[in-house]
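Read the structure below first, then the notes.
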Amino acid sequence: MNAYELIVSILYSIDVYDLLLDAFRSAGMEYALRVIIVLVELAVLFGFVLITVMFLTWMERKVVAMVQSRYGPMVTGPRGLLQPVMDGIKLIGKEDIIPAGADRWIFTLAPFVVFVAALLVFIPLPFGYSLIISDLKVGLLYIIAISAVSPVAILLAGWASNNKYSLMGAMRAVAQDISYTIPLALAAIAVVVFTGSLSTVDIVNAQSGTLFGIIPKWFIFITPLGFILFLIASIAEMGRIPFDFQESEQELVAGFFTEYSGMKFAMFFLAEYAHLFAVSGIVVTLFFGGWTGPVLGNIPVQITSLIYFLIKTYAVIFFAMWLRDTVPRVRIDQLLNLGWKIMVPLALLNLLFAGFVVTAGVI
Amino acid sequence: MAWISKKWTMIGIIQGLIVTLKHVLQIGNRPTVTVQYPYERMKVSPRFRGKHAVDEDACIGCGICEVNCPNGTITIVKYNTRWFPQFDLGMCLFCGLCVDVCPMNALKMTGDYELADYTRESLIYGPEKLLFKKEVNK
């Protein structure tokens with residue numbers, strides 16, 4: 001069951017669906033109803049994601065402020081909660097500058113590609129029981145493939161800016177993304193070995209139940225090494241602080257979006273936090289049992305599962321922000337050494353372990 | 001074996017994470033140290049060097065402060081038939097030399113630090129803004 005069928009069943013339960021279907025059928029446009037329902041679910045998903053992402057910027061500032069014994073944004077709205085709205089209004093009002101030597105078409109295209117790629121990752125992500133746009137058979141492969149689009153757009157942005165800092169930041173981002181996609185995918189494949197399916201819903205369903213009757217059967221308890229590898233690799237892929245070479249402020253001004261301003265800058269910024277939200281959701285889906293959790297009385301399972309998913313996701317997001325405030329940036333050679341010399345062999349070892357466990361029939 | 005414990009157990013990172021978590025949860029003596037500036041202010045120290053003030057009864061308009069000012073901030077102007085210093089705070093570096101050299105102890109510096117303004121002209125503080133009268137002890 002996916003979100004489309006959920007909407008249809010809700011419409012059916014309030015006796016509207018048949019009326020709508022008859023109305024559209026009499027006009028000979030039965031497909032239009034399907035298209036409208038799909039558009040509605042996409043609008044709900046992207047609206048939810050964008051609002052979440054806006055408030056993630058607020059959360060990041062608050063967490064940094066708390067670590068540094070400050071208040072953070074406090075004035076706009078209660079506890080500064082409307083600060084991202086004001087930031088958005090400010091960015092819309094700014095002048096959209098395109099540098100004189102820039103490649104105008106690519107320069108304009110790049111932020112859109114990054115933004116769309118960041119949003120498309122959410123399509124096969126299960127937010128809750130049946131709260132998924134499309135349960136793709138190759139969901140995990142789709143997620144990894146779509147994540148691999150953003151380094152291309154980052155390279156486009158860095159190249160088109162006609163600025164040495166942008167280009168250097170983009171080169172670093174691509175080098176980093178390529179070297180960390182491999183351990184990321186290998187750590188995810190270990191999970192696939194356990195479940196025997198690339199579908200995110202199957203992966204979540206495989207994690208329901210308990211191990212030895214006490215601890216939940218989440219993959220973090222089965223392959224803790226795989227979890228640590230996936231977390232480090234995904235933080236590196238996001239380009240957050242221990243590995244933020246693409247925009248290391250002290251060296252490269254702002255990395256690949258040095259030359260961007262106004263709404264284009266806002267799109268890069270939103271895409272960065274959308275990526276954070278998506279990756280946290282994927283970590284939860286793969287290693288923390290997704291939306292599974294104890295059933296609570298007669299509350300619909302869609303609502304409780306969404307709440308469980310969001311609690312777990314925000315815990316992972318908080319961990320990423322917490323890590324960002326704690327550790328300094330590593331050097332670029334240390335980063336690549338860590339990626340190729342340590343993470344890839346360990347990920348292969350983890351894969352071997354997964355194969356051994358499955359073949360031995362422990363799970 | 002030391003390199004194994006340091007590199008592979010990530011002890012340093014975990015210790016750092018514990019410290020930052022203590023800050024987030026405000027465990028121990030870790031209060032929020034900044035203030036919400038326009039709504040609440042920190043107390044300035046008593047010898048803070050802010051905007052100047054001129055004692056109306058003590059100042060004799062001698063011009064020694066004008067001579068000693070390293071930036072040429074001070075000019076002596078006529079005000080109500082007497083001579084008083086006028087400060088161009090856009091030039092002032094708040095060194096306090098004028099206060100030190102004043103033979104009548106007529107100059108002092110207040111704790112007023114909110115001196116930002118929109119034009120350079122409005123930063124010129126004449127006697128009408130600086131004069132104060134000391135309370136006479138009887």
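FYI, nothing fancy with the structure tokens labels: chains A, B, ... in order, residues from 1 per chain, ligands from 1 as they appear.
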
Provide as an NGL selection string the residues of chain A at most 12 Å from chain B, counting only C-alpha atoms. :A and (62-75 or 79 or 225 or 228 or 242 or 318-328 or 338 or 342-343 or 346)

If you run DSSP on the backbone, which residues of chain B are alpha helix (DSSP H), as a VMD selection string? chain B and resid 2 to 9 11 to 25 64 to 68 97 to 101 127 to 130

So how far away is atom CA of Val330 of chain A from atom CA of Val279 of chain A, in Å? 21.3 Å

Taking 5 positions as the minimum chain separation for residues in the same chain, which residues sit within 9 Å of Phe94 of chain B when counting only C-alpha atoms? Answer as an mmCIF file with N, CA and C atoms, in the first residue's frame.
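Below is the file that was written, around_13.cif:
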```cif
data_model
loop_
_atom_site.group_PDB
_atom_site.id
_atom_site.type_symbol
_atom_site.label_atom_id
_atom_site.label_comp_id
_atom_site.auth_asym_id
_atom_site.auth_seq_id
_atom_site.Cartn_x
_atom_site.Cartn_y
_atom_site.Cartn_z
ATOM 1 N N ARG B 49 35.653 53.408 28.969
ATOM 2 C CA ARG B 49 35.845 54.682 28.275
ATOM 3 C C ARG B 49 34.830 54.813 27.146
ATOM 4 N N GLY B 50 33.717 55.502 27.467
ATOM 5 C CA GLY B 50 32.698 55.725 26.453
ATOM 6 C C GLY B 50 32.655 57.187 26.070
ATOM 7 N N LYS B 51 31.454 57.705 25.861
ATOM 8 C CA LYS B 51 31.287 59.111 25.467
ATOM 9 C C LYS B 51 31.813 60.035 26.575
ATOM 10 N N HIS B 52 32.356 61.191 26.159
ATOM 11 C CA HIS B 52 32.922 62.126 27.135
ATOM 12 C C HIS B 52 31.826 62.920 27.816
ATOM 13 N N LEU B 89 33.426 62.615 17.554
ATOM 14 C CA LEU B 89 33.625 61.225 17.983
ATOM 15 C C LEU B 89 33.901 60.288 16.817
ATOM 16 N N MET B 109 34.884 60.307 31.317
ATOM 17 C CA MET B 109 34.271 59.471 30.275
ATOM 18 C C MET B 109 33.167 58.638 30.901
#
```

Please provide the set of residues having any atom within 7 Å of Gly255 of chain A, restricted to only C-alpha atoms, with same-chain residues fewer than 5 positions apart removed, written as a PyMOL selection string. chain A and resi 165-166+169-170+246-248

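Within the 12 Å cut-off around segment 301-307 of chain A, using only C-alpha atoms and omitting residues fewer than 4 positions from it on the same chain, the listed residues are Met1, Asn2, Ala3, Leu6, Ile7, Ile10, Leu125, Pro126, Phe127, Gly128, Tyr129, Ser130, Leu131, Ile132, Val204, Gly281, Gly289, Gly290, Trp291, Thr292, Gly293, Pro294, Val295, Leu296, Gly297, Ile311, Lys312, Thr313 and Tyr314 of chain A.
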
Export of prior selection with C-alpha atoms as a PDB file, in the first residue's frame:
```pdb
ATOM      1  CA  MET A   1       0.000   0.000   0.000  1.00  0.00           C
ATOM      2  CA  ASN A   2       1.371   3.417  -0.892  1.00  0.00           C
ATOM      3  CA  ALA A   3       0.207   6.998  -0.466  1.00  0.00           C
ATOM      4  CA  LEU A   6      -4.114   5.573   1.099  1.00  0.00           C
ATOM      5  CA  ILE A   7      -5.683   8.720  -0.386  1.00  0.00           C
ATOM      6  CA  ILE A  10      -9.614   7.813   2.712  1.00  0.00           C
ATOM      7  CA  LEU A 125      11.454   6.882   1.459  1.00  0.00           C
ATOM      8  CA  PRO A 126       8.822   5.345   3.773  1.00  0.00           C
ATOM      9  CA  PHE A 127       7.676   8.044   6.208  1.00  0.00           C
ATOM     10  CA  GLY A 128       5.305   5.633   7.855  1.00  0.00           C
ATOM     11  CA  TYR A 129       3.113   2.619   7.271  1.00  0.00           C
ATOM     12  CA  SER A 130       1.774   3.154   3.685  1.00  0.00           C
ATOM     13  CA  LEU A 131       3.107   6.756   3.744  1.00  0.00           C
ATOM     14  CA  ILE A 132       5.382   6.298   0.743  1.00  0.00           C
ATOM     15  CA  VAL A 204      11.642  -1.824   7.143  1.00  0.00           C
ATOM     16  CA  GLY A 281      15.662   9.234   6.943  1.00  0.00           C
ATOM     17  CA  GLY A 289      13.866   0.019  11.901  1.00  0.00           C
ATOM     18  CA  GLY A 290      12.254   2.833   9.921  1.00  0.00           C
ATOM     19  CA  TRP A 291       8.730   3.520  11.146  1.00  0.00           C
ATOM     20  CA  THR A 292       8.433   0.388  13.272  1.00  0.00           C
ATOM     21  CA  GLY A 293       7.589   0.809  16.936  1.00  0.00           C
ATOM     22  CA  PRO A 294       5.156  -0.316  19.600  1.00  0.00           C
ATOM     23  CA  VAL A 295       1.484  -0.201  18.583  1.00  0.00           C
ATOM     24  CA  LEU A 296      -0.512   2.276  20.630  1.00  0.00           C
ATOM     25  CA  GLY A 297      -4.186   1.382  21.255  1.00  0.00           C
ATOM     26  CA  ILE A 311      11.446  10.960  16.265  1.00  0.00           C
ATOM     27  CA  LYS A 312      14.174   8.635  15.013  1.00  0.00           C
ATOM     28  CA  THR A 313      15.025  10.928  12.088  1.00  0.00           C
ATOM     29  CA  TYR A 314      15.334  13.967  14.319  1.00  0.00           C
TER      30      TYR A 314
END
```

What lies within 8 Å of segment 72-78 of chain B using only C-alpha atoms, ignoring chain neighbours under 3 positions off, as a ChimeraX atom specification? /B:61,63,65-66,69,81-89,91-92

Could the residues in this selection be written to a file with N, CA and C atoms, as a PDB file, in the first residue's frame?
```pdb
ATOM      1  N   GLY B  61      38.174  76.029  29.629  1.00  0.00           N
ATOM      2  CA  GLY B  61      38.387  76.243  28.208  1.00  0.00           C
ATOM      3  C   GLY B  61      39.839  76.519  27.860  1.00  0.00           C
ATOM      4  N   GLY B  63      42.175  74.526  26.587  1.00  0.00           N
ATOM      5  CA  GLY B  63      42.628  73.963  25.316  1.00  0.00           C
ATOM      6  C   GLY B  63      43.747  72.952  25.446  1.00  0.00           C
ATOM      7  N   CYS B  65      43.437  69.886  26.421  1.00  0.00           N
ATOM      8  CA  CYS B  65      42.918  68.642  25.851  1.00  0.00           C
ATOM      9  C   CYS B  65      43.030  68.675  24.335  1.00  0.00           C
ATOM     10  N   GLU B  66      42.781  69.813  23.727  1.00  0.00           N
ATOM     11  CA  GLU B  66      42.878  69.951  22.275  1.00  0.00           C
ATOM     12  C   GLU B  66      44.306  69.699  21.811  1.00  0.00           C
ATOM     13  N   CYS B  69      45.264  65.856  22.174  1.00  0.00           N
ATOM     14  CA  CYS B  69      44.486  64.818  21.476  1.00  0.00           C
ATOM     15  C   CYS B  69      45.280  64.291  20.281  1.00  0.00           C
ATOM     16  N   THR B  81      28.795  82.271  26.020  1.00  0.00           N
ATOM     17  CA  THR B  81      29.821  83.231  26.458  1.00  0.00           C
ATOM     18  C   THR B  81      31.065  82.582  27.066  1.00  0.00           C
ATOM     19  N   ARG B  82      31.109  81.261  27.153  1.00  0.00           N
ATOM     20  CA  ARG B  82      32.326  80.626  27.682  1.00  0.00           C
ATOM     21  C   ARG B  82      32.851  79.638  26.650  1.00  0.00           C
ATOM     22  N   TRP B  83      34.097  79.163  26.852  1.00  0.00           N
ATOM     23  CA  TRP B  83      34.725  78.261  25.897  1.00  0.00           C
ATOM     24  C   TRP B  83      34.711  76.835  26.431  1.00  0.00           C
ATOM     25  N   PHE B  84      34.320  75.924  25.555  1.00  0.00           N
ATOM     26  CA  PHE B  84      34.232  74.511  25.949  1.00  0.00           C
ATOM     27  C   PHE B  84      34.782  73.628  24.831  1.00  0.00           C
ATOM     28  N   PRO B  85      35.238  72.418  25.143  1.00  0.00           N
ATOM     29  CA  PRO B  85      35.676  71.518  24.056  1.00  0.00           C
ATOM     30  C   PRO B  85      34.495  70.920  23.299  1.00  0.00           C
ATOM     31  N   GLN B  86      34.710  70.695  22.003  1.00  0.00           N
ATOM     32  CA  GLN B  86      33.716  69.990  21.175  1.00  0.00           C
ATOM     33  C   GLN B  86      34.400  68.747  20.604  1.00  0.00           C
ATOM     34  N   PHE B  87      33.742  67.589  20.702  1.00  0.00           N
ATOM     35  CA  PHE B  87      34.361  66.313  20.316  1.00  0.00           C
ATOM     36  C   PHE B  87      33.766  65.810  19.007  1.00  0.00           C
ATOM     37  N   ASP B  88      34.657  65.501  18.054  1.00  0.00           N
ATOM     38  CA  ASP B  88      34.217  64.810  16.828  1.00  0.00           C
ATOM     39  C   ASP B  88      34.445  63.320  17.066  1.00  0.00           C
ATOM     40  N   LEU B  89      33.426  62.615  17.554  1.00  0.00           N
ATOM     41  CA  LEU B  89      33.625  61.225  17.983  1.00  0.00           C
ATOM     42  C   LEU B  89      33.901  60.288  16.817  1.00  0.00           C
ATOM     43  N   MET B  91      36.317  60.715  14.959  1.00  0.00           N
ATOM     44  CA  MET B  91      37.774  60.647  14.930  1.00  0.00           C
ATOM     45  C   MET B  91      38.325  60.060  16.213  1.00  0.00           C
ATOM     46  N   CYS B  92      37.543  60.043  17.278  1.00  0.00           N
ATOM     47  CA  CYS B  92      38.061  59.734  18.612  1.00  0.00           C
ATOM     48  C   CYS B  92      38.453  58.265  18.703  1.00  0.00           C
TER      49      CYS B  92
END
```
